[in-house]
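What's in upload.txt: compact mmCIF, C-alpha atoms
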# COMPACT_ATOMS: atom_id res chain seq x y z
CA MET A 1 0.00 0.00 0.00
CA SER A 2 1.17 3.49 -0.77
CA ALA A 3 -0.06 7.07 -1.05
CA TYR A 4 1.18 9.47 -3.70
CA ALA A 5 0.14 13.06 -4.38
CA GLU A 6 0.97 15.68 -6.95
CA HIS A 7 -0.33 19.14 -7.83
CA VAL A 8 -1.66 19.73 -11.33
CA SER A 9 -2.20 23.26 -12.67
CA VAL A 10 -4.58 24.20 -15.44
CA ARG A 11 -4.99 27.60 -17.11
CA THR A 12 -8.57 28.19 -18.16
CA THR A 13 -9.25 30.58 -21.03
CA LYS A 14 -12.91 31.55 -20.63
CA LYS A 15 -15.33 32.82 -18.00
CA GLU A 16 -17.03 29.39 -17.93
CA GLN A 17 -15.41 26.25 -19.27
CA ALA A 18 -15.37 22.49 -18.82
CA GLN A 19 -11.77 21.44 -19.41
CA ASP A 20 -10.80 17.80 -19.86
CA VAL A 21 -8.04 16.97 -17.34
CA THR A 22 -8.19 13.18 -17.68
CA ASP A 23 -4.73 12.80 -19.22
CA ARG A 24 -3.17 15.02 -16.55
CA VAL A 25 -4.74 12.93 -13.79
CA ARG A 26 -3.82 9.67 -15.53
CA ALA A 27 -0.17 10.72 -15.62
CA VAL A 28 -0.19 11.07 -11.82
CA VAL A 29 -1.86 7.67 -11.39
CA ARG A 30 0.85 6.02 -13.48
CA LYS A 31 3.64 7.71 -11.55
CA SER A 32 2.06 6.50 -8.30
CA LYS A 33 2.57 2.82 -9.28
CA VAL A 34 -0.74 2.05 -7.51
CA ARG A 35 -2.49 -0.89 -9.22
CA THR A 36 -5.76 -1.08 -7.24
CA GLY A 37 -7.11 1.82 -5.22
CA LEU A 38 -8.59 5.29 -5.30
CA CYS A 39 -7.67 8.58 -7.00
CA THR A 40 -9.15 11.78 -5.59
CA VAL A 41 -8.98 14.94 -7.69
CA ALA A 42 -9.51 18.01 -5.51
CA VAL A 43 -9.79 21.57 -6.80
CA LEU A 44 -8.21 24.03 -4.36
CA HIS A 45 -10.58 26.91 -5.22
CA THR A 46 -14.15 27.93 -4.42
CA THR A 47 -15.39 29.03 -7.86
CA ALA A 48 -14.29 25.98 -9.87
CA GLY A 49 -15.33 22.36 -9.40
CA VAL A 50 -14.59 18.95 -10.88
CA TYR A 51 -16.86 16.25 -12.29
CA VAL A 52 -16.82 13.05 -14.33
CA ASN A 53 -18.98 12.88 -17.48
CA GLU A 54 -19.07 12.50 -21.27
CA ASN A 55 -15.76 13.10 -23.06
CA ALA A 56 -16.86 12.60 -26.68
CA ASP A 57 -19.29 15.34 -27.71
CA PRO A 58 -18.22 18.90 -26.77
CA ASP A 59 -21.89 19.91 -26.99
CA VAL A 60 -22.47 18.05 -23.72
CA LEU A 61 -19.98 20.36 -21.98
CA THR A 62 -21.86 23.39 -23.30
CA ASP A 63 -25.18 21.89 -22.19
CA VAL A 64 -23.86 21.20 -18.67
CA LEU A 65 -22.66 24.78 -18.25
CA SER A 66 -25.85 26.33 -19.63
CA ALA A 67 -28.03 24.07 -17.48
CA LEU A 68 -26.12 25.20 -14.38
CA ARG A 69 -26.71 28.83 -15.43
CA ARG A 70 -30.42 28.09 -15.74
CA ALA A 71 -30.61 26.29 -12.37
CA VAL A 72 -28.45 28.97 -10.70
CA PRO A 73 -29.16 32.25 -12.53
CA ASP A 74 -26.43 34.85 -13.00
CA ASP A 75 -28.53 37.51 -11.32
CA ALA A 76 -30.83 36.59 -8.46
CA GLY A 77 -30.29 39.16 -5.73
CA TYR A 78 -27.21 37.46 -4.24
CA ARG A 79 -25.74 39.02 -1.09
CA HIS A 80 -22.08 38.17 -1.76
CA ALA A 81 -20.57 41.50 -2.79
CA GLU A 82 -17.88 40.23 -5.16
CA GLY A 83 -20.40 39.42 -7.87
CA ASN A 84 -19.38 35.78 -8.26
CA ALA A 85 -21.96 34.17 -5.95
CA PRO A 86 -23.35 32.00 -8.79
CA ALA A 87 -19.84 30.62 -9.39
CA HIS A 88 -19.63 29.56 -5.73
CA ILE A 89 -23.06 27.91 -5.87
CA ARG A 90 -22.38 26.07 -9.14
CA THR A 91 -19.16 24.78 -7.56
CA VAL A 92 -21.15 23.42 -4.60
CA LEU A 93 -23.44 21.60 -7.07
CA THR A 94 -20.63 20.01 -9.11
CA GLY A 95 -18.43 19.37 -6.08
CA ALA A 96 -14.92 20.39 -5.08
CA SER A 97 -13.51 16.89 -5.49
CA THR A 98 -14.26 13.65 -7.26
CA THR A 99 -12.96 10.15 -6.55
CA VAL A 100 -12.21 7.77 -9.41
CA PRO A 101 -11.22 4.13 -8.85
CA VAL A 102 -7.81 2.90 -9.93
CA ALA A 103 -7.70 -0.58 -11.51
CA ASP A 104 -4.83 -2.33 -13.30
CA GLY A 105 -2.65 0.70 -12.64
CA ASP A 106 -4.90 3.09 -14.55
CA LEU A 107 -7.98 5.26 -13.99
CA ALA A 108 -11.05 2.99 -14.06
CA LEU A 109 -13.35 5.11 -16.22
CA GLY A 110 -16.18 3.98 -18.48
CA THR A 111 -15.79 4.25 -22.27
CA TRP A 112 -17.33 7.72 -22.46
CA GLN A 113 -16.16 9.11 -19.13
CA GLY A 114 -13.62 11.88 -18.69
CA ILE A 115 -12.63 14.06 -15.74
CA PHE A 116 -13.44 17.75 -16.16
CA LEU A 117 -12.39 20.86 -14.32
CA ALA A 118 -15.47 23.09 -14.26
CA GLU A 119 -14.44 26.74 -14.41
CA PHE A 120 -17.17 29.14 -13.29
CA ASP A 121 -15.21 32.37 -12.76
CA GLY A 122 -12.33 32.37 -15.21
CA PRO A 123 -10.11 32.74 -16.94
CA ARG A 124 -7.67 31.80 -14.16
CA GLU A 125 -4.80 29.55 -13.21
CA ARG A 126 -6.41 26.66 -11.27
CA ARG A 127 -4.63 24.21 -8.99
CA MET A 128 -5.75 20.65 -8.30
CA LEU A 129 -4.25 18.14 -5.90
CA VAL A 130 -4.35 14.58 -7.23
CA THR A 131 -3.95 11.93 -4.52
CA VAL A 132 -3.61 8.22 -5.32
CA ILE A 133 -3.80 5.58 -2.63
CA GLY A 134 -3.81 1.79 -2.83
CA ASP A 135 -1.87 -1.36 -3.51
CA MET B 1 -3.99 -2.41 4.74
CA SER B 2 -5.50 -3.79 1.60
CA ALA B 3 -7.43 -2.76 -1.50
CA TYR B 4 -10.18 -4.84 -3.02
CA ALA B 5 -12.38 -4.13 -6.03
CA GLU B 6 -15.27 -5.81 -7.75
CA HIS B 7 -17.69 -4.92 -10.53
CA VAL B 8 -21.41 -4.92 -9.76
CA SER B 9 -24.00 -4.90 -12.56
CA VAL B 10 -27.55 -3.65 -12.25
CA ARG B 11 -30.33 -3.88 -14.83
CA THR B 12 -32.65 -0.90 -14.61
CA THR B 13 -36.22 -1.27 -15.83
CA LYS B 14 -37.42 2.29 -16.43
CA LYS B 15 -36.36 5.48 -18.19
CA GLU B 16 -35.69 7.09 -14.79
CA GLN B 17 -35.22 5.13 -11.60
CA ALA B 18 -33.48 5.26 -8.23
CA GLN B 19 -32.43 1.69 -7.48
CA ASP B 20 -31.22 0.62 -4.05
CA VAL B 21 -27.82 -1.06 -4.44
CA THR B 22 -26.84 -1.04 -0.75
CA ASP B 23 -26.90 -4.82 -0.32
CA ARG B 24 -24.83 -5.34 -3.45
CA VAL B 25 -22.20 -2.88 -2.22
CA ARG B 26 -22.27 -4.34 1.30
CA ALA B 27 -21.50 -7.80 -0.09
CA VAL B 28 -18.31 -6.45 -1.67
CA VAL B 29 -17.30 -4.71 1.57
CA ARG B 30 -17.65 -7.99 3.48
CA LYS B 31 -15.62 -9.91 0.93
CA SER B 32 -12.88 -7.27 1.17
CA LYS B 33 -12.27 -8.08 4.88
CA VAL B 34 -11.56 -4.37 5.41
CA ARG B 35 -12.60 -3.32 8.94
CA THR B 36 -11.88 0.43 8.85
CA GLY B 37 -11.59 2.40 5.64
CA LEU B 38 -13.38 3.75 2.59
CA CYS B 39 -15.70 2.27 -0.02
CA THR B 40 -16.09 4.14 -3.31
CA VAL B 41 -18.97 3.22 -5.60
CA ALA B 42 -18.31 4.48 -9.13
CA VAL B 43 -20.80 4.29 -11.99
CA LEU B 44 -19.00 3.65 -15.30
CA HIS B 45 -21.54 5.55 -17.42
CA THR B 46 -22.38 9.18 -18.21
CA THR B 47 -26.18 9.12 -17.96
CA ALA B 48 -26.51 7.40 -14.57
CA GLY B 49 -25.18 8.53 -11.22
CA VAL B 50 -25.04 7.34 -7.63
CA TYR B 51 -26.07 8.97 -4.36
CA VAL B 52 -26.73 8.23 -0.69
CA ASN B 53 -30.15 9.13 0.74
CA GLU B 54 -33.35 7.87 2.37
CA ASN B 55 -34.04 4.14 2.00
CA ALA B 56 -37.40 3.89 3.77
CA ASP B 57 -40.09 5.79 1.85
CA PRO B 58 -40.14 5.12 -1.93
CA ASP B 59 -41.90 8.48 -2.35
CA VAL B 60 -38.59 10.17 -1.61
CA LEU B 61 -37.04 8.46 -4.64
CA THR B 62 -39.87 9.74 -6.83
CA ASP B 63 -39.49 13.23 -5.38
CA VAL B 64 -35.73 13.25 -6.04
CA LEU B 65 -36.21 12.27 -9.68
CA SER B 66 -39.02 14.76 -10.30
CA ALA B 67 -37.07 17.58 -8.61
CA LEU B 68 -34.12 16.88 -10.92
CA ARG B 69 -36.49 17.05 -13.90
CA ARG B 70 -37.74 20.42 -12.65
CA ALA B 71 -34.23 21.79 -12.06
CA VAL B 72 -32.98 20.35 -15.39
CA PRO B 73 -35.96 20.36 -17.77
CA ASP B 74 -36.39 17.63 -20.38
CA ASP B 75 -36.55 20.17 -23.18
CA ALA B 76 -34.49 23.34 -22.96
CA GLY B 77 -32.82 23.77 -26.34
CA TYR B 78 -29.90 21.44 -25.61
CA ARG B 79 -27.21 21.17 -28.29
CA HIS B 80 -26.26 17.50 -27.73
CA ALA B 81 -27.84 15.71 -30.68
CA GLU B 82 -28.57 12.36 -29.03
CA GLY B 83 -31.50 13.76 -27.06
CA ASN B 84 -30.21 12.69 -23.66
CA ALA B 85 -28.49 15.93 -22.60
CA PRO B 86 -30.69 16.22 -19.47
CA ALA B 87 -29.57 12.74 -18.41
CA HIS B 88 -25.91 13.83 -18.64
CA ILE B 89 -26.60 16.99 -16.65
CA ARG B 90 -28.60 15.21 -13.92
CA THR B 91 -25.69 12.78 -13.63
CA VAL B 92 -23.28 15.68 -13.08
CA LEU B 93 -25.56 16.96 -10.29
CA THR B 94 -25.86 13.61 -8.48
CA GLY B 95 -22.24 12.64 -9.14
CA ALA B 96 -20.57 9.69 -10.85
CA SER B 97 -19.24 8.24 -7.60
CA THR B 98 -19.90 8.34 -3.89
CA THR B 99 -17.63 7.39 -1.01
CA VAL B 100 -19.05 5.67 2.08
CA PRO B 101 -16.94 4.95 5.17
CA VAL B 102 -16.33 1.38 6.27
CA ALA B 103 -16.45 0.73 10.02
CA ASP B 104 -16.45 -2.57 11.91
CA GLY B 105 -16.22 -4.40 8.59
CA ASP B 106 -19.48 -2.97 7.26
CA LEU B 107 -20.77 0.09 5.42
CA ALA B 108 -21.06 2.93 7.93
CA LEU B 109 -24.45 4.33 6.94
CA GLY B 110 -26.98 6.16 9.09
CA THR B 111 -30.26 4.48 10.03
CA TRP B 112 -32.16 5.84 7.04
CA GLN B 113 -29.34 5.91 4.49
CA GLY B 114 -29.09 3.68 1.45
CA ILE B 115 -26.93 3.79 -1.68
CA PHE B 116 -28.85 4.41 -4.90
CA LEU B 117 -27.98 4.05 -8.55
CA ALA B 118 -29.73 6.95 -10.28
CA GLU B 119 -30.81 5.93 -13.77
CA PHE B 120 -31.57 8.87 -16.06
CA ASP B 121 -31.58 7.20 -19.49
CA GLY B 122 -32.78 3.65 -19.04
CA PRO B 123 -33.67 0.95 -19.09
CA ARG B 124 -30.11 -0.34 -19.42
CA GLU B 125 -27.53 -2.68 -17.96
CA ARG B 126 -25.37 -0.49 -15.70
CA ARG B 127 -21.91 -1.33 -14.36
CA MET B 128 -20.43 -0.03 -11.13
CA LEU B 129 -16.95 -0.56 -9.76
CA VAL B 130 -16.91 -0.93 -5.97
CA THR B 131 -13.47 -0.34 -4.43
CA VAL B 132 -12.75 -0.93 -0.74
CA ILE B 133 -9.54 0.22 0.88
CA GLY B 134 -8.39 0.15 4.48
CA ASP B 135 -7.22 -1.88 7.41
CA MET C 1 -0.33 3.03 5.94
CA SER C 2 -3.11 3.34 8.45
CA ALA C 3 -6.83 4.03 8.72
CA TYR C 4 -8.34 6.07 11.53
CA ALA C 5 -11.97 7.06 12.11
CA GLU C 6 -13.84 9.18 14.61
CA HIS C 7 -17.40 10.44 15.00
CA VAL C 8 -17.96 14.19 15.18
CA SER C 9 -21.28 15.63 16.40
CA VAL C 10 -22.63 19.04 15.56
CA ARG C 11 -25.72 20.74 16.95
CA THR C 12 -27.35 22.97 14.37
CA THR C 13 -29.46 25.89 15.55
CA LYS C 14 -31.65 26.80 12.56
CA LYS C 15 -33.94 25.17 10.02
CA GLU C 16 -31.31 25.72 7.33
CA GLN C 17 -27.69 26.41 8.06
CA ALA C 18 -24.21 25.99 6.62
CA GLN C 19 -21.96 25.28 9.58
CA ASP C 20 -18.16 25.37 9.29
CA VAL C 21 -16.78 22.06 10.59
CA THR C 22 -13.24 22.44 9.24
CA ASP C 23 -11.56 22.67 12.64
CA ARG C 24 -13.44 19.62 13.91
CA VAL C 25 -12.34 17.60 10.88
CA ARG C 26 -8.76 18.91 11.10
CA ALA C 27 -8.53 17.70 14.70
CA VAL C 28 -9.32 14.15 13.57
CA VAL C 29 -6.75 14.36 10.76
CA ARG C 30 -4.06 15.37 13.25
CA LYS C 31 -4.93 12.57 15.64
CA SER C 32 -4.72 10.09 12.75
CA LYS C 33 -1.00 10.85 12.22
CA VAL C 34 -1.59 10.35 8.48
CA ARG C 35 0.78 12.57 6.46
CA THR C 36 -0.37 11.86 2.89
CA GLY C 37 -3.77 10.42 2.07
CA LEU C 38 -7.50 11.02 2.03
CA CYS C 39 -10.05 12.27 4.55
CA THR C 40 -13.71 11.47 3.93
CA VAL C 41 -16.36 13.36 5.89
CA ALA C 42 -19.67 11.48 5.79
CA VAL C 43 -22.94 12.79 7.23
CA LEU C 44 -25.02 9.94 8.68
CA HIS C 45 -28.38 11.57 7.91
CA THR C 46 -30.63 12.07 4.87
CA THR C 47 -31.64 15.71 5.31
CA ALA C 48 -28.18 17.22 5.85
CA GLY C 49 -25.21 17.16 3.51
CA VAL C 50 -21.60 18.31 3.44
CA TYR C 51 -19.65 20.42 0.96
CA VAL C 52 -16.40 22.32 0.52
CA ASN C 53 -16.58 26.03 -0.37
CA GLU C 54 -15.80 29.61 0.66
CA ASN C 55 -15.03 30.14 4.35
CA ALA C 56 -14.51 33.90 4.41
CA ASP C 57 -17.75 35.73 3.60
CA PRO C 58 -20.83 34.45 5.48
CA ASP C 59 -22.99 35.93 2.68
CA VAL C 60 -21.82 33.09 0.44
CA LEU C 61 -23.37 30.58 2.86
CA THR C 62 -26.67 32.46 2.72
CA ASP C 63 -26.50 32.59 -1.07
CA VAL C 64 -25.83 28.84 -1.32
CA LEU C 65 -28.83 28.00 0.86
CA SER C 66 -31.17 30.41 -0.93
CA ALA C 67 -30.03 29.17 -4.36
CA LEU C 68 -30.85 25.60 -3.31
CA ARG C 69 -34.30 26.78 -2.19
CA ARG C 70 -34.79 28.38 -5.61
CA ALA C 71 -33.60 25.30 -7.52
CA VAL C 72 -35.58 22.95 -5.24
CA PRO C 73 -38.65 24.91 -4.09
CA ASP C 74 -40.13 24.39 -0.63
CA ASP C 75 -43.52 23.55 -2.08
CA ALA C 76 -43.76 21.67 -5.36
CA GLY C 77 -46.32 18.93 -4.87
CA TYR C 78 -43.90 16.46 -3.27
CA ARG C 79 -45.26 12.99 -2.46
CA HIS C 80 -43.16 12.32 0.67
CA ALA C 81 -45.64 12.76 3.53
CA GLU C 82 -43.27 14.04 6.22
CA GLY C 83 -43.01 17.47 4.60
CA ASN C 84 -39.22 17.46 4.33
CA ALA C 85 -38.87 16.21 0.74
CA PRO C 86 -36.96 19.36 -0.30
CA ALA C 87 -34.43 18.70 2.48
CA HIS C 88 -33.80 15.21 1.09
CA ILE C 89 -33.39 16.54 -2.44
CA ARG C 90 -31.04 19.38 -1.43
CA THR C 91 -28.96 16.77 0.41
CA VAL C 92 -28.70 14.70 -2.78
CA LEU C 93 -27.47 17.83 -4.62
CA THR C 94 -24.81 18.76 -2.05
CA GLY C 95 -23.83 15.14 -1.36
CA ALA C 96 -23.75 12.98 1.76
CA SER C 97 -19.95 12.89 1.89
CA THR C 98 -16.95 14.81 0.66
CA THR C 99 -13.35 13.69 0.32
CA VAL C 100 -10.53 16.13 1.09
CA PRO C 101 -6.86 15.25 0.47
CA VAL C 102 -4.44 15.09 3.40
CA ALA C 103 -0.97 16.53 2.78
CA ASP C 104 1.85 17.21 5.26
CA GLY C 105 -0.34 15.82 8.02
CA ASP C 106 -3.11 18.39 7.52
CA LEU C 107 -6.22 18.94 5.41
CA ALA C 108 -5.12 20.09 1.96
CA LEU C 109 -7.59 22.91 1.40
CA GLY C 110 -7.20 26.02 -0.72
CA THR C 111 -6.87 29.43 0.94
CA TRP C 112 -10.61 30.15 0.88
CA GLN C 113 -11.91 26.60 1.30
CA GLY C 114 -13.71 25.30 4.36
CA ILE C 115 -15.78 22.17 5.04
CA PHE C 116 -19.46 22.84 5.75
CA LEU C 117 -22.23 20.74 7.18
CA ALA C 118 -25.34 21.75 5.24
CA GLU C 119 -28.41 21.53 7.49
CA PHE C 120 -31.69 21.43 5.58
CA ASP C 121 -34.12 20.23 8.27
CA GLY C 122 -32.87 21.52 11.60
CA PRO C 123 -32.27 22.34 14.24
CA ARG C 124 -30.91 18.90 15.13
CA GLU C 125 -27.95 17.01 16.52
CA ARG C 126 -26.04 15.77 13.47
CA ARG C 127 -23.42 13.02 13.40
CA MET C 128 -20.56 12.78 10.93
CA LEU C 129 -18.00 10.01 10.55
CA VAL C 130 -14.54 11.31 9.66
CA THR C 131 -12.26 8.64 8.17
CA VAL C 132 -8.58 9.27 7.41
CA ILE C 133 -6.49 6.83 5.43
CA GLY C 134 -2.93 7.03 4.18
CA ASP C 135 0.75 7.00 4.96

Represent the structure contained in this file as structure tokens.
Amino acid sequence: MSAYAEHVSVRTTKKEQAQDVTDRVRAVVRKSKVRTGLCTVAVLHTTAGVYVNENADPDVLTDVLSALRRAVPDDAGYRHAEGNAPAHIRTVLTGASTTVPVADGDLALGTWQGIFLAEFDGPRERRMLVTVIGD
Amino acid sequence: MSAYAEHVSVRTTKKEQAQDVTDRVRAVVRKSKVRTGLCTVAVLHTTAGVYVNENADPDVLTDVLSALRRAVPDDAGYRHAEGNAPAHIRTVLTGASTTVPVADGDLALGTWQGIFLAEFDGPRERRMLVTVIGD
Amino acid sequence: MSAYAEHVSVRTTKKEQAQDVTDRVRAVVRKSKVRTGLCTVAVLHTTAGVYVNENADPDVLTDVLSALRRAVPDDAGYRHAEGNAPAHIRTVLTGASTTVPVADGDLALGTWQGIFLAEFDGPRERRMLVTVIGD
């Protein structure tokens, strides 16, 4: 059993963006030498989240972001003075971390699954901590 | 310390369904022989998620599914051409994996908690990977 | 490698409340002596969740709770007879557990991140199980 962790940085380029970070996370899993275990991807910010979903059709990414804007409107009388309250709330809904199993020394994802950083208040430099634990 | 993983398959029977998979996950935890640790249940699909909530009143399951339909409407001008964009988005909101503690060699759930596969684009055969890690 | 777990109890004081539990969780991490690994905070109830987000401006907490009320209205013809269906649904959206990395023997949180118990049907005594696993 071992535990291995590494920071991964991503520069987003838009206000809102779902950026595929699967390959970056996979590289950490391989360096960890863990064969069976868990990989947690944690975003170290409060206006960007992380989720696992479809990696094939970019339209799905657009639909996810627009659905979150509909469920959490840009302007709804928020009290937070910085103007980015919706970004905080959308981050709560997607989650600040996601845990993906590790099997056979690789991320155990389904055929169509990828790991996405969800930027809600970009563009910014975003830091994630990828932790891999297992046998 | 050890890590143990096993696939669990579930056949859903409806378009949308919250299916209790607690006993299936518990069986894997017991086989793992882990006494104290973590159990991650990961769904290997992009239109079905997993969550932990009330296992007693089936009306709660219905309410969860209908609330997700209200928050993420079936028809809202989605761009994804396959017609199942809302299923992808609802999966992002529930999450593709959930982590439940393991204590005394069993799932550490509260009295009313169960683990549910959330089907949003069924009926289908759905695969989960249950990974247990700990002492 | 080791696994360590401890229950943490919190008494909420309002119907809806986001209560910072970071220090309570950190205390368990320190007792665990784990330097690198994972910490899962699991709420053992079905009408309270847990999430990681902004710890500086209390207005963000208010905005998160009111946005969840908007996305999941208090009254929407729910079938669950106990009257707390929205609390169950909001718990599904925030999640019943969250996993935070452990680095250098401490919670690896970003500058503005805290861990919050999200009470949706209080006031009540709420129990969490904090599990720490790693090297």

Show me, as a JSON list (two decimals) with C-alpha atoms, in the frame of the given file, the residues that have an atom within 9 Å of Thr111 in chain C when counting all atoms listed in the file, minus same-chain residues fewer than 5 positions from it.
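Written output follows (around-v3.json):
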[["chain", "number", "residue", "atom", "x", "y", "z"],
["A", 44, "LEU", "CA", -8.21, 24.03, -4.36],
["A", 45, "HIS", "CA", -10.58, 26.91, -5.22],
["C", 54, "GLU", "CA", -15.80, 29.61, 0.66],
["C", 55, "ASN", "CA", -15.03, 30.14, 4.35]]

Hey, which of A:Arg79, A:Asp23, A:Thr40, A:Ala5 ends up closest to Thr98 in chain A? Count all atoms listed in the file.
A:Thr40

Residues of chain B within 9 Å of chain C, counting only C-alpha atoms - could you list those as a ChimeraX atom specification?
/B:1,36-38,51-54,57-68,70-71,93-95,98-103,108-113,133-135

Expressed in Å to a single decimal, how great is the separation between CA of Gln19 in chain B and CA of Phe116 in chain B?
5.2 Å

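Relative to CA of Ala27 in chain A, CA of Val8 in chain A is found at 10.1 Å.
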
Mind listing whatever residues come within 6 Å of the point (-35.3, -0.3, -20.9)? Use only C-alpha atoms, file coordinates, and give them as JSON, numbers by chain.
{"B": [13, 14, 122, 123, 124]}

Have a look at CA of Arg24 in chain B and CA of Phe120 in chain B and let me know their distance in Å, one decimal.
20.2 Å

Calculated over all atoms listed in the file, which of the candidates B:Asp121, B:Val50, B:Leu107, B:Arg26 has the smallest distance to Thr12 in chain B?
B:Asp121
